[in-house]
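Asks: start.cif is the file, holding mmCIF, C-alpha atoms and all ligand atoms:
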data_start
#
loop_
_atom_site.group_PDB
_atom_site.id
_atom_site.type_symbol
_atom_site.label_atom_id
_atom_site.label_comp_id
_atom_site.auth_asym_id
_atom_site.auth_seq_id
_atom_site.Cartn_x
_atom_site.Cartn_y
_atom_site.Cartn_z
ATOM 1 C CA MET J 1 -2.079 -23.424 37.137
ATOM 2 C CA THR J 2 -1.661 -21.742 33.760
ATOM 3 C CA ASP J 3 -5.346 -21.700 32.879
ATOM 4 C CA SER J 4 -5.882 -18.090 33.940
ATOM 5 C CA THR J 5 -2.804 -16.974 32.015
ATOM 6 C CA VAL J 6 -4.049 -18.569 28.818
ATOM 7 C CA LYS J 7 -7.459 -16.969 29.181
ATOM 8 C CA ASN J 8 -5.959 -13.538 29.701
ATOM 9 C CA ALA J 9 -3.727 -13.908 26.669
ATOM 10 C CA SER J 10 -6.662 -14.907 24.493
ATOM 11 C CA MET J 11 -8.360 -11.630 25.327
ATOM 12 C CA ILE J 12 -5.557 -9.656 23.681
ATOM 13 C CA SER J 13 -6.066 -8.950 20.003
ATOM 14 C CA GLU J 14 -2.947 -10.188 18.284
ATOM 15 C CA ASN J 15 -4.074 -8.656 15.035
ATOM 16 C CA THR J 16 -4.143 -5.119 16.306
ATOM 17 C CA LEU J 17 -1.499 -3.067 14.554
ATOM 18 C CA ILE J 18 -0.250 0.211 15.902
ATOM 19 C CA LYS J 19 1.259 2.736 13.525
ATOM 20 C CA MET J 20 4.632 3.979 14.598
ATOM 21 C CA LYS J 21 6.700 6.644 12.945
ATOM 22 C CA HIS J 22 10.356 7.323 13.382
ATOM 23 C CA THR J 23 10.497 11.084 13.497
ATOM 24 C CA ALA J 24 14.135 11.185 12.419
ATOM 25 C CA CYS J 25 13.788 9.418 9.060
ATOM 26 C CA GLY J 26 10.022 9.342 8.553
ATOM 27 C CA HIS J 27 9.758 5.551 8.324
ATOM 28 C CA ILE J 28 6.301 4.274 9.268
ATOM 29 C CA ALA J 29 5.630 0.688 10.314
ATOM 30 C CA ASN J 30 2.694 -1.214 11.759
ATOM 31 C CA ILE J 31 3.692 -2.851 15.006
ATOM 32 C CA PRO J 32 1.562 -5.723 16.415
ATOM 33 C CA ASN J 33 -0.083 -4.799 19.665
ATOM 34 C CA TRP J 34 1.512 -7.681 21.552
ATOM 35 C CA ILE J 35 4.953 -6.272 20.872
ATOM 36 C CA ILE J 36 3.879 -3.047 22.512
ATOM 37 C CA GLY J 37 2.793 -5.106 25.498
ATOM 38 C CA GLU J 38 6.177 -6.777 25.726
ATOM 39 C CA LEU J 39 7.916 -3.427 25.550
ATOM 40 C CA ALA J 40 5.699 -2.174 28.346
ATOM 41 C CA GLU J 41 6.826 -5.053 30.530
ATOM 42 C CA GLU J 42 10.394 -4.013 29.830
ATOM 43 C CA ASP J 43 9.608 -0.455 30.905
ATOM 44 C CA ARG J 44 10.487 0.855 27.475
ATOM 45 C CA ILE J 45 7.207 2.720 27.202
ATOM 46 C CA SER J 46 6.712 6.096 28.755
ATOM 47 C CA SER J 47 3.206 5.850 30.145
ATOM 48 C CA LYS J 48 3.179 9.554 30.861
ATOM 49 C CA HIS J 49 3.602 10.488 27.226
ATOM 50 C CA GLY J 50 2.026 7.451 25.610
ATOM 51 C CA GLU J 51 5.095 6.928 23.503
ATOM 52 C CA VAL J 52 7.193 3.876 22.832
ATOM 53 C CA GLU J 53 10.711 3.648 21.519
ATOM 54 C CA ILE J 54 11.920 0.688 19.492
ATOM 55 C CA GLU J 55 14.758 0.229 17.056
ATOM 56 C CA CYS J 56 14.101 1.542 13.568
ATOM 57 C CA PRO J 57 14.827 -1.039 10.820
ATOM 58 C CA VAL J 58 15.851 1.737 8.458
ATOM 59 C CA CYS J 59 18.369 3.678 10.492
ATOM 60 C CA ASN J 60 18.520 1.715 13.760
ATOM 61 C CA GLY J 61 17.492 4.782 15.690
ATOM 62 C CA PRO J 62 14.624 5.202 18.158
ATOM 63 C CA ARG J 63 11.121 5.311 16.750
ATOM 64 C CA ARG J 64 8.201 6.934 18.473
ATOM 65 C CA ARG J 65 4.578 5.974 18.478
ATOM 66 C CA ILE J 66 1.960 8.045 16.736
ATOM 67 C CA LYS J 67 -0.968 8.699 18.994
HETATM 68 ZN ZN ZN V 1 14.573 5.599 11.324
#
Show me the file's structure as structure tokens.
Ligand SMILES: [Zn+2]
Replies:
Amino acid sequence: MTDSTVKNASMISENTLIKMKHTACGHIANIPNWIIGELAEEDRISSKHGEVEIECPVCNGPRRRIK
């Protein structure tokens, strides 16, 4: 039953890092692609703007993705 799910997951590159910059404090971090996917499932990504907001480890504010 879970075979198809496992195959789909294996197609995702877990090593892909996406640079994100918090515009407020300038902190830049590399976020694993799979985290972006999880955020998308939580509707925390604005597909219209291609931006994602997550908590910044430096100032705990929203961080936006660099396209
Ligand atoms: Zn910040």
Asks: Kindly compile the residues surrounding ligand ZN 1 (chain V) within 9 Å, counting only C-alpha atoms and all ligand atoms, and format them as an MDAnalysis selection string.
Replies: chainID J and resid 21:28 55:63
Asks: Fewer than 3 positions away in the same chain doesn't count, so skip those; otherwise give me all residues within 6 Å of Asn33 of chain J, counting only C-alpha atoms, as a compact mmCIF listing (two decimals) with C-alpha atoms, in the coordinates of the input.
Replies:
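Once everything was written out, this is selection_32.txt:
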# COMPACT_ATOMS: atom_id res chain seq x y z
CA THR J 16 -4.14 -5.12 16.31
CA LEU J 17 -1.50 -3.07 14.55
CA ILE J 36 3.88 -3.05 22.51
Asks: May I ask for the distance between atom CA of Val52 of chain J and atom CA of Leu39 of chain J, given in Å to one decimal place?
Replies: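 Those two atoms sit 7.8 Å apart.
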Asks: Could you give me, as a CSV table (one decimal) with C-alpha atoms, keeping the file's coordinate frame, the residues that sit within 10 Å of (-1.8, -9.7, 13.4) in the file's coordinates, counting all atoms listed in the file?
Replies:
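What landed in result-v6.csv:
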chain,number,residue,atom,x,y,z
J,13,SER,CA,-6.1,-9.0,20.0
J,14,GLU,CA,-2.9,-10.2,18.3
J,15,ASN,CA,-4.1,-8.7,15.0
J,16,THR,CA,-4.1,-5.1,16.3
J,17,LEU,CA,-1.5,-3.1,14.6
J,30,ASN,CA,2.7,-1.2,11.8
J,31,ILE,CA,3.7,-2.9,15.0
J,32,PRO,CA,1.6,-5.7,16.4
J,33,ASN,CA,-0.1,-4.8,19.7
J,34,TRP,CA,1.5,-7.7,21.6
Asks: Listed atoms of segment 23-42 of chain J, axis-aligned box, 3 Å per side: centre and edge lengths to one decimal in Å, as JSON?
Replies:
{"center_x": 7.0, "center_y": 1.8, "center_z": 19.4, "size_x": 20.2, "size_y": 24.9, "size_z": 28.2}
